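Q: Dropping a structure here in structure tokens format, bear with me for questions.
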Amino acid sequence: FDEHDGPVRGVHFHPTQPLFVSGGDDYKIKVWNYKLRRCLFTLLGHLDYIRTVHFHHEYPWILSASDDQTIRIWNWQARTCLSVLTGHNHYVMCAQFHPKEDLVVSASLDQTVRVWDISGLRKKSVSPTDEPGRSMSMVNADLFGGSDALVKYVLEGHDRGVNWASFHPTLPLIVSGADDRQVKLWRMNDMKAWEVDTLRGHTTNVSCSVFHPRQELIISNSEDKTIRVWDMNKRIGVQTYRREHDRFWILACHPELNLLAAGHDSGMIIFKLERERPAYAAYENQLFYVKDRYLRTFEFSTQRDVPILPLRRQGAAASPRSLSYNPAENAILLASDGDGGSYELLHIPGDPSRSEAPEAKRGSGTSAVFVARQRFCVLDKNRHIAIKTLRNDTYRRCAPPHASTDAIFYAGSGNLLLRSEEKITLFNLQQRRALASINAPVVKYVVWSNDGNLVALLCKHAIIIANKKLENQCTVHETIRVKSGGWDESVFIYATLNHLKFLLPNGDSGIIRTLDVPIYITRVRGNEVFCLDREVNNRVLKIDTTEFKFKLALLNRQYSEVLRMIKNARLCGQAVIAYLQQKGFPEVALHFVKDEKTRFNLALECGDIETAEKSAYSLDDVDCWERLGIEALRQGNTQLVETVYQKTKNFERLSFFYLITGNVEKLRKMLKIAEMRGDIMGRFQNALFLGDVEERVNILEEAGQYSLGFLAAQSHDLGERAEQLREKLPIPDSPPSTLPSARAFLPPTPILMDGNWPHLTISKSYFPTSEEPSTLIEGAGMEALEGDTVIVTGGGGWEEDLDVPVVDEGGGAIDEELSQIVGTEGDTNEGGGWEMGDELDIPIETGAGVSDAMPKESFFVAPTPGKSPGERWCTQSLLPADHIAAGKFDSAMQLLKSQVGIVNFAPLRPYFLAVAMSAFSCLSVLPPLPPLSFPIERTSQATSSGKALPSVPFSLSPLVERLKVAYRATTEGKFGDAKTHFLSIMHTIPLLVVETKQEVNEVKELLGICREYVTGLRMEAVRKELKDKDPARQAELAAYFTHCNLQPAHLLLSLRSAMMCSYKIKNLSSAAGFARRMLELNPKPEVVAQARKVLQVADQSPGDAFTLNYDERNPFVVCNVSFTPIYRGSPLVRCAFCAASFLPTSKGQMCPTCDVAEIGVEGVSGLTISSVQLRG
């Protein structure tokens, strides 16, 4: 929205329409439609800067205040000025409509606040013909001076110019702020208005002051870089927010949400005055929570809600952040952020009717939780853990294992969870040591399951499920904030801003229902979710638990429960079907599907050939028949294969099928069919399969291939036919001669079959097919059927024959059914089967031998040699590092080539050797014996179990430390050293072995960081080599460097370099663009000053002296060979390993970024550094 000429000082949104109005220093008022993203019209009339604009809540009016000392009211529908309010004798800084009455308040630098009555304007403009004689009064008003807007009150009291004034949303109050550093509160009635009180505290000009829409508070901001919150009743300041360098100018309150916005020199902030999440804790049947400075209890069974304890809060401390309950001592521990962090220890009285609250024990600390019956822990401001008694005496102090610990959570009796630098540590207070740790983003809340075996770590946009040893079970990421959660057995129910969701221990999640308002879950019980809303009211939500209980039963292999839910529950939808397919239960999905196409696909997936055949008949689609034939052939159902080939009229496959099954009679019928179809090749092929030489000779003669026919007849000793064909040769006297090695070509002897073959052994499914009823007893487990197998067999013999009518010898007509290529059912061939009944006649002498000549005791049988550690490692693992440790460099290279397209292994040689040398340890023995070699393995299983894998010298943590060294070298400008470090990390990554999916993602992120930096450093090296040769190319390379994904500090340096390069060659517009991007990063003051100077020069003389191949508004990536931009939508290829981008002309070359992989390789499987990738 950039149609104003110069600064824009005021903006206001319409309460119901998709409109907003703006006013600026160009004296113009513009009305915009933000959905259409364009200006609708412009209102002209003011003669100086426009300070504020304001929509009326009901009428189509706009109110504007200007430095021309007037206030104007406009009709934005008619696009006309309705009234000009004059009376101020200095700049009018602010003007607003009253939210309900026909009043306007204005503030001016003439040190007054004026309240205007616009009821006359409303009567004149809104209903001009409602009263008799109205038109005459309008004429008189126009001639002798109008009474549409009159000054009702003039409020004088400020000593300097007033910058802002605003009405209270419901009460007859006005608040104003002025350059005299004071905020004044005014009251008015029908007769007069007067000053109520003055709020002092700001140290310089007050820019804006407003009422809070729902609380008895006044918010003001000032050029003293503070926002202050005042208690409207006590008239004292309760909160102060300070900013380091920026002055505040404007305030706005959200009409519905608890949000405020403030504008300052560098931008704006959106903030809340207090936490909306209530402090609560649930224990058994009770919920303890804080509301309106009362400690209340809520019983889940009876839903009885009663206050039990008033809370005495000193001053205006913040509301409690957390609540911990001690059931043994009936004590409550409240922790809040007030005064830099504090806590209160309260004992709940036995008699709730007591009016006096017991004295609370207070102290300072950022977190506080109970850890034992008479102990609680506090994390003090020095980040030490203080163990205290219920008398608030310090029992013991201990230092946490990480100095950066900033929060503690309950983790069972005597244990704590410590939060530090994206890590959660399980800490034992008795042993004073860390028991386990898990990497996690900043954890805000911890929720333990009822049995204490699982814990949910709630982050801002993620949830991590771990067991009591902090072993990661699963992680789920959300795009919006996670608010709260609770456990229902082993299912975690959690709430985001918009949805209520579930999370299973295996990581499967789904949506239960949508939410109209955010909630905070306190307890999950069956199909009820107990929660608190933002108004701290208890609510009970009904939920449908069918989906996640069904998935949980599948996960726990409770198949009887799954069958029960299939019969009784209403489960449907593509999501459930897709889930069952994904988890390997297509036979279960068959129960929910009515669509024949989907049923066909599911039946094929689970091997239910009968259901698939029925669906194929219903669909009658060629593609379905072909897929059914492939599956039938895989299962050995030859009868169905024959049917499919007949349905699809696939004559070639049908002939070959009859050949391999030895059905000569049907092969002859196929020969007749080919003859009737006029298919020469088909006839010849069937004659070849039958070994019918005469037929082949006849076919060749009919086709005019006399030479081939002569050779075929002569090779098969058909002398008479050969002589007949010799007569037809072009040169009968010199016929073609056969080779001496020629011999008769006859088909192989077929294996005759009776029935389907081969019999395929498959496991019997627990679930019945959708066509048969279940005969399982309710409650029967999977264990009863383990090991049971059934043999899949077909019917006896060939159920369908080809019925080809025979042509009369006298050349009579062919039967009508001859036109149908596939006939009706015919006779059934009774094959002889495998004929395994006859015994073999083996002479006795064959079995006699050494065993009769010598006793068994005279033989020494050597033990079978076992596999070497290297062989075991190669057999059990597909990770390149394990193959290198085993000394199998060739197989490791093959794996790296197939996974990430690495073809240049020279840079990886030292890392290969390091891995190979670290896999074994040598032990010296007595000379001259060679040393003993022992494998060093990384897993805990015994070597004899055959499951251990080699130890690898590289891990993720040292690479992260090496990355910090590379960052430091980049900051110091040592680009050669930095590039070496980044390449070293990239060359080490393929040989890593990590354990979790999170670590795999971190490694991929690390590879991406190194790629971006190596690309940027290579461009910077090329730029420096140019020196003074090509200044425009230098500016281009510097500009491309700013689009690499760098750390903010390095991005700032690259932007500064690009700005200087562009400035030197007089590309002032480009330099200004880099300067603006620099200012967005909040650099140091000297850098800010330099950037603003560049912007000033660019504003005076905009333009570029050189045309660069660079468009900062069009997203692009840089080709790593030509160092030119590849804009979005243009074709590109990538390195299979580091994913660097290139133009398509570079395909097949060596990647210059990583120096190991080929560009544009297709079909690679991706970097594999963990066994979890192979399992997934």
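Every chain in the structure tokens takes a letter, A first, then B, and so on in the order presented; its residues are numbered from 1, and the ligands are numbered from 1 following the presented order.
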Excluding stretch 1063-1074 of chain A and any residue of its chain fewer than 4 positions from it, enumerate the residues within 8 Å of it, using only C-alpha atoms, and give them as a list in words.
A: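 The neighbour list is Pro1031, Ala1032, Leu1055, Arg1056, Ala1058, Met1059, Met1078, Ala1091, Val1094, Leu1095, Val1097, Ala1098, Ser1101, Pro1102, Gly1103, Asp1104, Ala1105 and Phe1106 of chain A.
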Q: Mind writing the picked residues with N, CA and C atoms as an mmCIF file, in the first residue's frame?
A:
```cif
data_model
loop_
_atom_site.group_PDB
_atom_site.id
_atom_site.type_symbol
_atom_site.label_atom_id
_atom_site.label_comp_id
_atom_site.auth_asym_id
_atom_site.auth_seq_id
_atom_site.Cartn_x
_atom_site.Cartn_y
_atom_site.Cartn_z
ATOM 1 N N PRO A 1031 34.209 -4.251 -11.830
ATOM 2 C CA PRO A 1031 33.486 -3.820 -10.614
ATOM 3 C C PRO A 1031 32.024 -4.263 -10.604
ATOM 4 N N ALA A 1032 31.388 -4.318 -11.787
ATOM 5 C CA ALA A 1032 29.980 -4.746 -11.804
ATOM 6 C C ALA A 1032 29.846 -6.192 -11.383
ATOM 7 N N LEU A 1055 25.954 -8.070 4.001
ATOM 8 C CA LEU A 1055 25.153 -6.941 3.538
ATOM 9 C C LEU A 1055 25.977 -5.649 3.520
ATOM 10 N N ARG A 1056 26.794 -5.494 4.536
ATOM 11 C CA ARG A 1056 27.639 -4.291 4.593
ATOM 12 C C ARG A 1056 28.636 -4.275 3.434
ATOM 13 N N ALA A 1058 28.242 -5.840 0.508
ATOM 14 C CA ALA A 1058 27.501 -5.604 -0.726
ATOM 15 C C ALA A 1058 27.097 -4.147 -0.861
ATOM 16 N N MET A 1059 26.717 -3.509 0.253
ATOM 17 C CA MET A 1059 26.346 -2.097 0.218
ATOM 18 C C MET A 1059 27.533 -1.239 -0.220
ATOM 19 N N MET A 1078 20.047 -4.218 6.209
ATOM 20 C CA MET A 1078 20.919 -4.130 7.383
ATOM 21 C C MET A 1078 20.170 -3.577 8.589
ATOM 22 N N ALA A 1091 24.520 3.176 7.370
ATOM 23 C CA ALA A 1091 23.424 2.763 6.496
ATOM 24 C C ALA A 1091 22.478 3.922 6.212
ATOM 25 N N VAL A 1094 23.890 6.213 3.609
ATOM 26 C CA VAL A 1094 23.706 5.663 2.266
ATOM 27 C C VAL A 1094 22.270 5.868 1.791
ATOM 28 N N LEU A 1095 21.296 5.634 2.677
ATOM 29 C CA LEU A 1095 19.901 5.837 2.305
ATOM 30 C C LEU A 1095 19.627 7.293 1.949
ATOM 31 N N VAL A 1097 21.824 9.527 0.742
ATOM 32 C CA VAL A 1097 22.409 9.805 -0.561
ATOM 33 C C VAL A 1097 21.563 9.184 -1.676
ATOM 34 N N ALA A 1098 21.082 7.946 -1.443
ATOM 35 C CA ALA A 1098 20.274 7.278 -2.460
ATOM 36 C C ALA A 1098 18.944 7.986 -2.690
ATOM 37 N N SER A 1101 19.717 11.063 -4.997
ATOM 38 C CA SER A 1101 20.001 10.744 -6.398
ATOM 39 C C SER A 1101 19.843 9.250 -6.627
ATOM 40 N N PRO A 1102 18.601 8.770 -6.726
ATOM 41 C CA PRO A 1102 18.386 7.327 -6.910
ATOM 42 C C PRO A 1102 18.807 6.880 -8.300
ATOM 43 N N GLY A 1103 19.044 5.573 -8.410
ATOM 44 C CA GLY A 1103 19.414 4.992 -9.696
ATOM 45 C C GLY A 1103 20.681 4.176 -9.591
ATOM 46 N N ASP A 1104 20.935 3.364 -10.619
ATOM 47 C CA ASP A 1104 22.110 2.496 -10.666
ATOM 48 C C ASP A 1104 22.928 2.851 -11.910
ATOM 49 N N ALA A 1105 24.232 2.998 -11.722
ATOM 50 C CA ALA A 1105 25.118 3.281 -12.854
ATOM 51 C C ALA A 1105 25.339 2.046 -13.716
ATOM 52 N N PHE A 1106 25.330 0.856 -13.103
ATOM 53 C CA PHE A 1106 25.543 -0.401 -13.812
ATOM 54 C C PHE A 1106 24.281 -1.243 -13.699
#
```
Q: To one decimal place in Å, what is the distance between atom CA of A:Asn163 and atom CA of A:Val113?
A: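 Atom CA of A:Asn163 sits 9.5 Å away from atom CA of A:Val113.
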Q: May I ask which of the residues A:Thr394, A:Ser319, A:Gln639, A:Asn527 is the closest one to A:Pro278, counting only C-alpha atoms?
A: A:Ser319
Q: Just list as JSON, numbers by chain whatever in stretch 1088-1166 of chain A DSSP marks as helix (DSSP H, G or I).
A: {"A": [1088, 1089, 1090, 1091, 1092, 1093, 1094, 1095, 1096, 1097, 1098, 1099, 1100, 1144, 1145, 1146]}
Q: Pick the closest to A:Cys94 from A:Arg38, A:His158, A:Arg72, A:Lys483: which is it, counting only C-alpha atoms?
A: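 Smallest distance to A:Cys94 is found for A:Arg72.
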Q: List every residue of stretch 58-207 of chain A that DSSP, applied to the backbone, labels as strand (DSSP E or B), and write the result as a short mmCIF file (atom, residue, chain, number, x, y, z; two decimals) with N, CA, C and O atoms, in the first residue's frame.
A:
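Listed below is the output, result35.cif:
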```cif
data_model
loop_
_atom_site.label_atom_id
_atom_site.label_comp_id
_atom_site.auth_asym_id
_atom_site.auth_seq_id
_atom_site.Cartn_x
_atom_site.Cartn_y
_atom_site.Cartn_z
N TRP A 61 -18.98 7.37 8.41
CA TRP A 61 -18.24 8.60 8.65
C TRP A 61 -16.78 8.29 8.91
O TRP A 61 -16.43 7.26 9.47
N ILE A 62 -15.96 9.27 8.55
CA ILE A 62 -14.54 9.25 8.88
C ILE A 62 -14.22 10.57 9.57
O ILE A 62 -14.63 11.64 9.10
N LEU A 63 -13.48 10.50 10.67
CA LEU A 63 -13.06 11.67 11.42
C LEU A 63 -11.56 11.86 11.21
O LEU A 63 -10.78 10.92 11.37
N SER A 64 -11.13 13.08 10.86
CA SER A 64 -9.72 13.34 10.62
C SER A 64 -9.29 14.59 11.38
O SER A 64 -10.04 15.55 11.50
N ALA A 65 -8.05 14.55 11.89
CA ALA A 65 -7.45 15.67 12.60
C ALA A 65 -6.19 16.08 11.88
O ALA A 65 -5.41 15.23 11.44
N SER A 66 -5.98 17.42 11.79
CA SER A 66 -4.89 17.89 10.94
C SER A 66 -4.14 19.03 11.59
O SER A 66 -4.64 19.70 12.52
N THR A 70 -7.91 22.11 12.10
CA THR A 70 -9.32 21.74 11.94
C THR A 70 -9.50 20.25 12.11
O THR A 70 -8.56 19.46 11.99
N ILE A 71 -10.76 19.89 12.35
CA ILE A 71 -11.20 18.50 12.39
C ILE A 71 -12.30 18.38 11.34
O ILE A 71 -13.22 19.21 11.28
N ARG A 72 -12.22 17.36 10.52
CA ARG A 72 -13.22 17.19 9.47
C ARG A 72 -13.93 15.85 9.62
O ARG A 72 -13.29 14.85 9.99
N ILE A 73 -15.22 15.87 9.31
CA ILE A 73 -16.03 14.65 9.31
C ILE A 73 -16.45 14.41 7.86
O ILE A 73 -17.03 15.30 7.22
N TRP A 74 -16.16 13.19 7.37
CA TRP A 74 -16.41 12.84 5.97
C TRP A 74 -17.43 11.71 5.89
O TRP A 74 -17.47 10.85 6.77
N ASN A 75 -18.21 11.72 4.84
CA ASN A 75 -19.06 10.57 4.50
C ASN A 75 -18.30 9.76 3.46
O ASN A 75 -18.17 10.20 2.30
N THR A 80 -17.84 12.80 0.48
CA THR A 80 -17.96 14.25 0.66
C THR A 80 -17.62 14.60 2.09
O THR A 80 -17.68 13.76 3.01
N CYS A 81 -17.30 15.88 2.31
CA CYS A 81 -17.03 16.39 3.65
C CYS A 81 -18.35 16.86 4.25
O CYS A 81 -19.04 17.71 3.68
N LEU A 82 -18.71 16.34 5.42
CA LEU A 82 -19.96 16.69 6.07
C LEU A 82 -19.83 17.93 6.94
O LEU A 82 -20.74 18.75 7.00
N SER A 83 -18.69 18.05 7.63
CA SER A 83 -18.56 19.15 8.58
C SER A 83 -17.10 19.43 8.84
O SER A 83 -16.26 18.52 8.77
N VAL A 84 -16.81 20.71 9.13
CA VAL A 84 -15.46 21.13 9.52
C VAL A 84 -15.56 21.71 10.92
O VAL A 84 -16.31 22.68 11.15
N LEU A 85 -14.85 21.13 11.86
CA LEU A 85 -14.89 21.55 13.26
C LEU A 85 -13.69 22.46 13.51
O LEU A 85 -12.54 22.02 13.43
N THR A 86 -13.98 23.73 13.78
CA THR A 86 -12.92 24.71 14.04
C THR A 86 -13.02 25.20 15.47
O THR A 86 -14.10 25.24 16.05
N VAL A 92 -4.01 20.04 15.61
CA VAL A 92 -4.89 19.05 16.25
C VAL A 92 -4.19 17.70 16.13
O VAL A 92 -4.03 17.16 15.03
N MET A 93 -3.76 17.15 17.25
CA MET A 93 -2.95 15.94 17.27
C MET A 93 -3.77 14.66 17.22
O MET A 93 -3.28 13.61 16.81
N CYS A 94 -5.03 14.74 17.67
CA CYS A 94 -5.82 13.51 17.78
C CYS A 94 -7.29 13.86 17.79
O CYS A 94 -7.68 14.90 18.33
N ALA A 95 -8.12 12.98 17.20
CA ALA A 95 -9.57 13.13 17.28
C ALA A 95 -10.19 11.74 17.15
O ALA A 95 -9.77 10.95 16.31
N GLN A 96 -11.21 11.47 18.00
CA GLN A 96 -11.85 10.16 18.01
C GLN A 96 -13.34 10.30 18.26
O GLN A 96 -13.78 11.20 18.98
N PHE A 97 -14.14 9.37 17.66
CA PHE A 97 -15.55 9.26 17.97
C PHE A 97 -15.72 8.55 19.31
O PHE A 97 -14.91 7.70 19.70
N LEU A 103 -20.53 11.97 20.31
CA LEU A 103 -19.49 12.86 20.83
C LEU A 103 -18.19 12.61 20.09
O LEU A 103 -17.94 11.52 19.58
N VAL A 104 -17.37 13.65 20.06
CA VAL A 104 -16.02 13.56 19.50
C VAL A 104 -15.08 14.20 20.51
O VAL A 104 -15.41 15.26 21.08
N VAL A 105 -13.94 13.60 20.74
CA VAL A 105 -12.92 14.19 21.60
C VAL A 105 -11.71 14.50 20.74
O VAL A 105 -11.35 13.74 19.84
N SER A 106 -11.08 15.64 21.00
CA SER A 106 -9.90 16.05 20.24
C SER A 106 -8.85 16.60 21.19
O SER A 106 -9.18 17.14 22.26
N ALA A 107 -7.58 16.48 20.79
CA ALA A 107 -6.46 16.98 21.58
C ALA A 107 -5.59 17.82 20.67
O ALA A 107 -5.37 17.48 19.50
N SER A 108 -5.09 18.94 21.21
CA SER A 108 -4.35 19.87 20.37
C SER A 108 -3.13 20.39 21.12
O SER A 108 -3.07 20.36 22.37
N THR A 112 -5.31 22.17 25.10
CA THR A 112 -6.69 21.87 25.48
C THR A 112 -7.13 20.53 24.91
O THR A 112 -6.61 20.07 23.89
N VAL A 113 -8.12 19.97 25.59
CA VAL A 113 -8.87 18.81 25.11
C VAL A 113 -10.30 19.27 24.93
O VAL A 113 -10.89 19.87 25.86
N ARG A 114 -10.88 19.07 23.76
CA ARG A 114 -12.24 19.53 23.48
C ARG A 114 -13.15 18.32 23.23
O ARG A 114 -12.75 17.37 22.56
N VAL A 115 -14.36 18.43 23.75
CA VAL A 115 -15.39 17.43 23.50
C VAL A 115 -16.48 18.11 22.67
O VAL A 115 -17.00 19.17 23.04
N TRP A 116 -16.82 17.50 21.54
CA TRP A 116 -17.74 18.08 20.57
C TRP A 116 -19.03 17.25 20.54
O TRP A 116 -19.00 16.02 20.58
N ASP A 117 -20.16 17.95 20.45
CA ASP A 117 -21.48 17.32 20.33
C ASP A 117 -21.84 17.30 18.84
O ASP A 117 -21.98 18.36 18.21
N LEU A 150 -21.00 21.12 17.79
CA LEU A 150 -20.76 22.20 18.75
C LEU A 150 -19.76 21.75 19.79
O LEU A 150 -19.73 20.57 20.16
N VAL A 151 -18.98 22.69 20.28
CA VAL A 151 -18.07 22.39 21.38
C VAL A 151 -18.88 22.26 22.65
O VAL A 151 -19.59 23.19 23.06
N LYS A 152 -18.81 21.08 23.26
CA LYS A 152 -19.57 20.86 24.49
C LYS A 152 -18.73 21.18 25.72
O LYS A 152 -19.20 21.82 26.65
N TYR A 153 -17.46 20.73 25.74
CA TYR A 153 -16.57 21.02 26.86
C TYR A 153 -15.20 21.37 26.30
O TYR A 153 -14.76 20.82 25.29
N VAL A 154 -14.52 22.28 27.01
CA VAL A 154 -13.11 22.56 26.77
C VAL A 154 -12.37 22.23 28.06
O VAL A 154 -12.61 22.85 29.11
N LEU A 155 -11.50 21.22 27.98
CA LEU A 155 -10.79 20.74 29.18
C LEU A 155 -9.41 21.36 29.18
O LEU A 155 -8.58 21.09 28.31
N GLU A 156 -9.17 22.21 30.19
CA GLU A 156 -7.89 22.88 30.32
C GLU A 156 -7.24 22.42 31.61
O GLU A 156 -7.87 22.37 32.65
N VAL A 162 -1.20 19.00 24.12
CA VAL A 162 -1.77 17.67 24.39
C VAL A 162 -1.62 16.83 23.12
O VAL A 162 -1.99 17.25 22.02
N ASN A 163 -1.05 15.64 23.29
CA ASN A 163 -0.79 14.76 22.15
C ASN A 163 -1.90 13.74 21.90
O ASN A 163 -2.04 13.26 20.77
N TRP A 164 -2.65 13.40 22.94
CA TRP A 164 -3.63 12.32 22.75
C TRP A 164 -4.76 12.45 23.77
O TRP A 164 -4.54 12.89 24.90
N ALA A 165 -5.95 12.06 23.34
CA ALA A 165 -7.10 11.98 24.23
C ALA A 165 -8.02 10.89 23.71
O ALA A 165 -8.17 10.73 22.49
N SER A 166 -8.63 10.14 24.62
CA SER A 166 -9.51 9.06 24.21
C SER A 166 -10.58 8.83 25.26
O SER A 166 -10.40 9.11 26.45
N PHE A 167 -11.74 8.31 24.80
CA PHE A 167 -12.88 8.01 25.66
C PHE A 167 -12.70 6.64 26.32
O PHE A 167 -12.05 5.75 25.77
N LEU A 173 -15.60 8.85 31.06
CA LEU A 173 -14.25 9.25 31.42
C LEU A 173 -13.45 9.53 30.15
O LEU A 173 -13.71 8.96 29.08
N ILE A 174 -12.45 10.40 30.30
CA ILE A 174 -11.52 10.73 29.23
C ILE A 174 -10.12 10.68 29.81
O ILE A 174 -9.90 11.12 30.96
N VAL A 175 -9.18 10.17 29.07
CA VAL A 175 -7.78 10.18 29.48
C VAL A 175 -7.01 10.94 28.42
O VAL A 175 -7.29 10.85 27.21
N SER A 176 -6.01 11.72 28.85
CA SER A 176 -5.21 12.52 27.93
C SER A 176 -3.75 12.48 28.34
O SER A 176 -3.42 12.30 29.52
N GLY A 177 -2.86 12.64 27.37
CA GLY A 177 -1.42 12.70 27.61
C GLY A 177 -0.83 13.86 26.86
O GLY A 177 -1.21 14.15 25.72
N ALA A 178 0.14 14.55 27.51
CA ALA A 178 0.63 15.80 26.94
C ALA A 178 2.14 15.91 27.07
O ALA A 178 2.80 15.06 27.70
N GLN A 182 2.55 14.49 31.78
CA GLN A 182 1.47 14.06 32.66
C GLN A 182 0.38 13.34 31.88
O GLN A 182 0.13 13.65 30.71
N VAL A 183 -0.25 12.39 32.57
CA VAL A 183 -1.44 11.72 32.07
C VAL A 183 -2.59 12.15 32.96
O VAL A 183 -2.53 11.98 34.19
N LYS A 184 -3.63 12.73 32.38
CA LYS A 184 -4.74 13.26 33.18
C LYS A 184 -6.01 12.45 32.91
O LYS A 184 -6.28 12.04 31.77
N LEU A 185 -6.78 12.27 33.99
CA LEU A 185 -8.06 11.57 33.94
C LEU A 185 -9.16 12.58 34.15
O LEU A 185 -9.15 13.34 35.13
N TRP A 186 -10.13 12.59 33.26
CA TRP A 186 -11.24 13.55 33.30
C TRP A 186 -12.56 12.80 33.38
O TRP A 186 -12.70 11.70 32.85
N ARG A 187 -13.55 13.42 34.05
CA ARG A 187 -14.91 12.88 34.12
C ARG A 187 -15.87 13.93 33.58
O ARG A 187 -15.63 15.13 33.71
N MET A 188 -16.96 13.48 32.97
CA MET A 188 -17.95 14.41 32.42
C MET A 188 -19.36 13.90 32.70
O MET A 188 -19.57 12.71 32.93
N ALA A 193 -17.59 19.00 32.64
CA ALA A 193 -16.50 18.03 32.68
C ALA A 193 -15.40 18.60 33.56
O ALA A 193 -15.17 19.82 33.57
N TRP A 194 -14.73 17.73 34.30
CA TRP A 194 -13.72 18.20 35.25
C TRP A 194 -12.59 17.19 35.37
O TRP A 194 -12.73 16.02 35.03
N GLU A 195 -11.48 17.67 35.87
CA GLU A 195 -10.29 16.83 36.06
C GLU A 195 -10.44 16.00 37.32
O GLU A 195 -10.79 16.52 38.38
N VAL A 196 -10.17 14.69 37.20
CA VAL A 196 -10.27 13.78 38.34
C VAL A 196 -8.92 13.62 39.03
O VAL A 196 -8.81 13.75 40.25
N ASP A 197 -7.89 13.33 38.25
CA ASP A 197 -6.58 13.11 38.86
C ASP A 197 -5.50 13.23 37.78
O ASP A 197 -5.80 13.22 36.58
N THR A 198 -4.26 13.32 38.24
CA THR A 198 -3.11 13.40 37.35
C THR A 198 -2.16 12.26 37.69
O THR A 198 -1.86 12.01 38.86
N LEU A 199 -1.71 11.55 36.65
CA LEU A 199 -0.80 10.42 36.82
C LEU A 199 0.59 10.89 36.37
O LEU A 199 0.79 11.28 35.22
N ARG A 200 1.54 10.85 37.32
CA ARG A 200 2.89 11.33 37.05
C ARG A 200 3.87 10.16 37.10
O ARG A 200 3.74 9.29 37.94
N VAL A 206 4.46 12.68 26.83
CA VAL A 206 3.58 11.52 26.73
C VAL A 206 2.98 11.51 25.33
O VAL A 206 2.33 12.47 24.91
N SER A 207 3.19 10.41 24.59
CA SER A 207 2.77 10.34 23.19
C SER A 207 1.33 9.87 23.04
O SER A 207 0.60 10.35 22.17
#
```
Q: Neighbours of A:Cys1151 within 9 Å (only C-alpha atoms; same-chain residues fewer than 2 positions away dropped), as a ChimeraX atom specification?
A: /A:1120-1121,1134-1135,1138,1140,1146,1148-1149,1153-1159
Q: Write out as a PyMOL selection string each polymer residue whose atoms come within 10 Å of A:Ile438, counting only C-alpha atoms; drop sequence neighbours fewer than 4 positions from it.
A: chain A and resi 422-426+464+466+469-472
Q: For N, CA and C atoms, I'd like the residues from the last selection saved as a compact mmCIF listing (two decimals), in the first residue's frame.
A:
```txt
# COMPACT_ATOMS: atom_id res chain seq x y z
N GLU A 422 18.14 -25.84 25.48
CA GLU A 422 17.49 -26.83 24.63
C GLU A 422 17.82 -28.26 25.06
N LYS A 423 17.87 -28.47 26.37
CA LYS A 423 18.12 -29.81 26.90
C LYS A 423 17.35 -29.95 28.20
N ILE A 424 16.82 -31.14 28.43
CA ILE A 424 16.16 -31.47 29.70
C ILE A 424 16.99 -32.57 30.37
N THR A 425 17.32 -32.35 31.63
CA THR A 425 18.17 -33.29 32.38
C THR A 425 17.40 -33.82 33.57
N LEU A 426 17.46 -35.14 33.77
CA LEU A 426 16.88 -35.78 34.95
C LEU A 426 17.93 -35.77 36.05
N ILE A 464 7.35 -33.70 22.94
CA ILE A 464 8.26 -34.84 23.00
C ILE A 464 7.74 -35.80 24.06
N ALA A 466 8.61 -39.08 26.22
CA ALA A 466 9.76 -39.87 26.68
C ALA A 466 9.31 -40.76 27.84
N LYS A 469 13.08 -42.78 31.94
CA LYS A 469 14.53 -42.65 31.82
C LYS A 469 14.92 -41.60 30.79
N LEU A 470 13.95 -40.82 30.34
CA LEU A 470 14.14 -39.76 29.34
C LEU A 470 14.62 -40.32 28.01
N GLU A 471 14.17 -41.51 27.66
CA GLU A 471 14.45 -42.05 26.33
C GLU A 471 13.32 -41.62 25.41
N ASN A 472 13.69 -41.00 24.31
CA ASN A 472 12.71 -40.42 23.40
C ASN A 472 11.86 -41.52 22.77
```
Q: Do you know which residues are at most 12 Å from A:Arg968 counting only C-alpha atoms, after dropping those on the same chain fewer than 4 positions away, and could you put them as a list in words?
A: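 Here the qualifying residues turn out to be Glu961, Arg962, Leu963, Lys964, Glu972, Gly973, Lys974, Phe975, Asp977, Ala978, Lys979, His981, Phe982, Gln1047, Ala1049 and His1050 of chain A.
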Q: So how many Å separate atom CA of A:Phe889 and atom CA of A:Leu949, to one decimal?
A: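 Answer for the atom CA of A:Phe889 to atom CA of A:Leu949 separation: 16.4 Å.
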